[in-house]
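Structure data (compact mmCIF, C-alpha atoms) from run05.txt:
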```txt
# COMPACT_ATOMS: atom_id res chain seq x y z
CA MET O 1 0.00 0.00 0.00
CA VAL O 2 2.86 2.37 0.75
CA GLU O 3 4.25 1.85 -2.76
CA ALA O 4 0.82 2.40 -4.34
CA VAL O 5 0.21 5.69 -2.53
CA GLN O 6 3.79 6.81 -3.13
CA ALA O 7 3.28 6.22 -6.89
CA ALA O 8 0.03 8.22 -6.81
CA LEU O 9 1.80 11.15 -5.13
CA VAL O 10 4.71 11.05 -7.60
CA LYS O 11 2.20 11.22 -10.48
CA ARG O 12 0.83 14.39 -8.89
CA GLY O 13 4.28 15.93 -8.57
CA VAL O 14 4.47 15.51 -4.78
CA ASP O 15 7.99 14.90 -3.50
CA GLU O 16 7.26 13.59 0.00
CA LYS O 17 8.10 10.15 1.39
CA VAL O 18 5.10 8.09 2.50
CA ILE O 19 5.71 6.62 5.96
CA ALA O 20 2.40 4.84 6.61
CA VAL O 21 -0.75 3.86 4.72
CA GLY O 22 -3.98 2.28 5.90
CA GLN O 23 -7.33 1.40 4.39
CA PHE O 24 -10.25 3.32 5.84
CA ASN O 25 -13.97 3.90 5.35
CA PRO O 26 -16.05 6.95 6.27
CA ARG O 27 -17.16 6.97 9.90
CA GLY O 28 -20.48 5.14 10.21
CA HIS O 29 -19.76 2.63 7.43
CA SER O 30 -19.95 -0.47 9.64
CA GLY O 31 -22.75 1.00 11.78
CA GLY O 32 -24.77 1.57 8.61
CA LEU O 33 -24.29 -2.08 7.72
CA PHE O 34 -25.59 -3.16 11.12
CA VAL O 35 -28.61 -0.85 11.25
CA GLY O 36 -29.53 -1.50 7.62
CA GLY O 37 -29.29 -5.24 8.16
CA LEU O 38 -31.58 -5.15 11.18
CA THR O 39 -34.14 -3.02 9.36
CA GLY O 40 -34.06 -5.15 6.22
CA SER O 41 -34.30 -8.39 8.17
CA GLU O 42 -37.32 -7.17 10.11
CA ALA O 43 -39.08 -5.97 6.97
CA GLY O 44 -38.37 -9.14 5.03
CA GLY O 45 -39.01 -11.41 8.00
CA ALA O 46 -42.66 -10.44 7.94
CA LEU O 47 -42.86 -12.36 4.64
CA GLY O 48 -40.97 -15.45 5.81
CA GLU O 49 -37.50 -16.76 6.61
CA VAL O 50 -36.06 -16.53 3.07
CA ALA O 51 -37.42 -13.01 2.64
CA GLY O 52 -35.86 -12.11 6.00
CA ASP O 53 -32.47 -13.33 4.77
CA VAL O 54 -32.83 -11.34 1.54
CA GLY O 55 -33.92 -8.30 3.53
CA LEU O 56 -30.88 -8.66 5.80
CA ALA O 57 -28.48 -8.68 2.84
CA ALA O 58 -30.20 -5.87 0.96
CA GLY O 59 -30.60 -3.76 4.09
CA SER O 60 -26.95 -4.22 5.04
CA LEU O 61 -25.76 -2.98 1.66
CA ALA O 62 -28.22 -0.10 1.63
CA GLY O 63 -27.25 0.93 5.16
CA MET O 64 -23.54 1.02 4.32
CA ARG O 65 -24.14 3.00 1.15
CA ALA O 66 -26.39 5.49 2.93
CA ALA O 67 -23.78 6.11 5.64
CA ASP O 68 -21.03 6.51 3.03
CA ALA O 69 -23.12 8.92 0.93
CA ALA O 70 -23.98 11.03 3.98
CA SER O 71 -20.27 11.43 4.78
CA GLY O 72 -19.38 12.86 1.38
CA LEU O 73 -16.39 10.52 1.23
CA PRO O 74 -15.81 7.44 -0.94
CA ALA O 75 -16.71 4.10 0.65
CA TRP O 76 -13.09 2.89 0.52
CA MET O 77 -9.97 5.00 0.92
CA LEU O 78 -6.25 4.61 1.26
CA VAL O 79 -4.96 7.16 3.76
CA GLY O 80 -1.26 7.93 3.46
CA VAL O 81 0.89 9.89 5.87
CA THR O 82 4.10 11.77 5.19
CA ASP O 83 6.08 13.88 7.65
CA ALA O 84 4.18 16.96 6.46
CA THR O 85 0.77 15.83 5.16
CA VAL O 86 -2.10 13.36 5.43
CA TYR O 87 -3.50 12.29 2.04
CA GLY O 88 -6.79 10.50 1.44
CA PHE O 89 -7.27 8.68 -1.86
CA ALA O 90 -10.32 6.89 -3.22
CA GLY O 91 -9.39 3.28 -3.71
CA ARG O 92 -10.78 -0.07 -2.67
CA SER O 93 -7.73 -2.17 -3.53
CA ARG O 94 -4.80 -2.36 -1.15
CA ARG O 95 -2.56 -3.38 -4.05
CA ALA O 96 -3.47 -1.04 -6.89
CA GLU O 97 -2.52 2.60 -7.20
CA PRO O 98 -5.41 4.66 -5.80
CA THR O 99 -7.46 6.96 -8.00
CA ASP O 100 -8.84 10.33 -6.97
CA LEU O 101 -7.23 12.46 -4.28
CA VAL O 102 -10.08 13.11 -1.83
CA PHE O 103 -8.31 15.16 0.83
CA GLN O 104 -4.90 16.60 1.61
CA VAL O 105 -4.33 18.15 5.03
CA PRO O 106 -1.11 19.46 6.58
CA ARG O 107 -0.05 17.67 9.75
CA ALA O 108 1.00 20.96 11.33
CA GLY O 109 -2.04 22.20 13.23
CA LEU O 110 -3.79 18.82 12.96
CA THR O 111 -4.96 16.79 15.95
CA ALA O 112 -5.68 13.10 15.57
CA LYS O 113 -8.22 11.59 17.99
CA VAL O 114 -8.86 7.87 18.11
CA HIS O 115 -11.94 6.17 19.51
CA GLN O 116 -11.81 2.41 20.01
CA ARG O 117 -14.97 0.55 19.02
CA VAL O 118 -15.74 -3.16 19.04
CA ASN O 119 -14.77 -3.93 15.46
CA VAL O 120 -13.26 -0.64 14.21
CA ARG O 121 -11.05 2.25 15.24
CA VAL O 122 -12.52 5.69 14.60
CA LEU O 123 -9.96 8.29 13.52
CA GLU O 124 -10.84 11.96 13.68
CA LEU O 125 -8.52 14.40 11.91
CA ILE O 126 -9.24 17.80 13.45
CA ASP O 127 -7.93 21.12 12.13
CA ASP O 128 -6.89 23.02 15.25
CA ASP O 129 -7.73 26.47 13.85
CA SER O 130 -11.13 25.84 12.27
CA GLY O 131 -12.32 22.76 14.16
CA SER O 132 -13.13 21.08 10.83
CA THR O 133 -12.96 17.32 10.96
CA ILE O 134 -12.50 14.35 8.69
CA GLU O 135 -13.99 11.28 10.35
CA LEU O 136 -12.81 7.85 9.30
CA GLU O 137 -13.08 4.32 10.57
CA GLY O 138 -10.63 1.54 10.05
CA ASN O 139 -11.02 -2.17 10.44
CA ARG O 140 -9.02 -3.86 13.16
CA ILE O 141 -7.73 -6.63 10.88
CA PRO O 142 -3.96 -6.27 10.38
CA LEU O 143 -4.28 -6.34 6.57
CA ALA O 144 -5.89 -2.89 6.61
CA HIS O 145 -2.87 -1.32 8.42
CA THR O 146 -5.08 1.30 10.09
CA LYS O 147 -3.06 0.92 13.27
CA ASP O 148 0.10 1.96 11.39
CA VAL O 149 -1.49 5.26 10.34
CA ILE O 150 -2.89 5.90 13.82
CA GLU O 151 0.46 5.23 15.51
CA VAL O 152 2.26 7.70 13.21
CA LEU O 153 -0.38 10.39 13.72
CA GLU O 154 -0.38 9.97 17.50
CA SER O 155 3.40 10.22 17.81
```
So, in terms of structure tokens, how does the structure I just supplied come out?
Amino acid sequence: MVEAVQAALVKRGVDEKVIAVGQFNPRGHSGGLFVGGLTGSEAGGALGEVAGDVGLAAGSLAGMRAADAASGLPAWMLVGVTDATVYGFAGRSRRAEPTDLVFQVPRAGLTAKVHQRVNVRVLELIDDDSGSTIELEGNRIPLAHTKDVIEVLES
């Protein structure tokens, strides 16, 4: 992932060394899945067991998509950190070079807050001057490397 984000920055003319990358979703992504699944299961369950299962699947997907859309961020992002900047790229794959640059925030004047949840870590990037925030959540599985990004930002 580090190599993929580094390549994306080089293509954009950025001469900074990437020190950590993790895969994140907008905050609320997994909660949307849970709430949507419950709602869909209840609605479908009124028509029988199979309909309840279909409702669970459809509701889960719809809930995730609704939470992602409300955030204004892509559903899947690679977040890269350099000594000077935090970059957020749209990109589902952890192996392929990410596509669109979604955000770019200087680390100077940036506070990172982390909230531990059952299955995710919530990362808030807060601009100290304006109070503006970017709210992300990262899976706890090691393959996502969210912990790497959080450790760099907290140091």
Shell around Ile141 (chain O) at 12 Å using only C-alpha atoms, local window under 3 positions removed, as JSON, numbers by chain | {"O": [22, 23, 24, 118, 119, 120, 121, 138, 144, 145, 146, 147, 148]}
Closest of O:Ala90, O:Leu153, O:Ala8, O:Val81 to Lys113 (chain O) - atom-to-atom distances counting only C-alpha atoms | O:Leu153
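Nearest-residue note for Met77 (chain O): choosing from O:Leu125, O:Gln116, O:Leu136, O:Gln6, the minimum distance belongs to O:Leu136, counting all atoms listed in the file.
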Which of these residues is nearest to Val18 (chain O), using only C-alpha atoms: O:Trp76, O:Gly109, O:Val152, O:Arg92?
-> O:Val152
Nearest residue to Thr133 (chain O) from the set O:Val10, O:Phe89, O:Asp83, O:Arg27 (distances using all atoms listed in the file) = O:Arg27
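In this structure, CA of Ala96 (chain O) sits 26.9 Å away from CA of Glu154 (chain O).
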Using all atoms listed in the file, the residue out of O:His115, O:Gly91, O:Asn25, O:Lys11 with shortest distance to Asn139 (chain O) is O:Asn25
Region 130-135 of chain O: axis-aligned bounding box, 3 Å on each side, centre and edge lengths in Å, one decimal, as AutoDock Vina command-line options:
```
--center_x -12.6 --center_y 18.6 --center_z 11.4 --size_x 8.9 --size_y 20.6 --size_z 11.5
```
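Proximity to Leu9 (chain O) at 10 Å, evaluated using only C-alpha atoms and with sequence-adjacent residues fewer than 6 positions away removed, yields Glu3, Asp15, Glu16, Lys17, Val18, Gly80, Tyr87, Phe89, Glu97, Pro98 and Leu101 of chain O.
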Could you save the residues just selected, with C-alpha atoms, as an mmCIF file, in the frame of the given file?
```cif
data_model
loop_
_atom_site.group_PDB
_atom_site.id
_atom_site.type_symbol
_atom_site.label_atom_id
_atom_site.label_comp_id
_atom_site.auth_asym_id
_atom_site.auth_seq_id
_atom_site.Cartn_x
_atom_site.Cartn_y
_atom_site.Cartn_z
ATOM 1 C CA GLU O 3 4.250 1.850 -2.760
ATOM 2 C CA ASP O 15 7.990 14.900 -3.500
ATOM 3 C CA GLU O 16 7.260 13.590 0.000
ATOM 4 C CA LYS O 17 8.100 10.150 1.390
ATOM 5 C CA VAL O 18 5.100 8.090 2.500
ATOM 6 C CA GLY O 80 -1.260 7.930 3.460
ATOM 7 C CA TYR O 87 -3.500 12.290 2.040
ATOM 8 C CA PHE O 89 -7.270 8.680 -1.860
ATOM 9 C CA GLU O 97 -2.520 2.600 -7.200
ATOM 10 C CA PRO O 98 -5.410 4.660 -5.800
ATOM 11 C CA LEU O 101 -7.230 12.460 -4.280
#
```
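The space between CA of Val2 (chain O) and CA of Gly131 (chain O) spans 28.7 Å.
Proximity to Ala4 (chain O) was assessed for O:Ala108, O:Ile150, O:Ala75, O:Val21 counting all atoms listed in the file; the smallest distance is recorded for O:Val21.
Residues in contact with Glu135 (chain O) at 9 Å, where only C-alpha atoms are counted and same-chain residues fewer than 3 positions away are skipped, are listed as Asn25, Pro26, Arg27, Gly28, Ser71, Val122, Leu123, Glu124, Leu125 and Ile126 of chain O.
Taking CA of Ile19 (chain O) as the reference point, CA of Ser130 (chain O) is found at 26.3 Å.
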Residues within 12 Å of (0.0, 24.0, 12.4), file coords, all atoms listed in the file, listed as a ChimeraX atom specification | /O:84-85,105-111,126-130
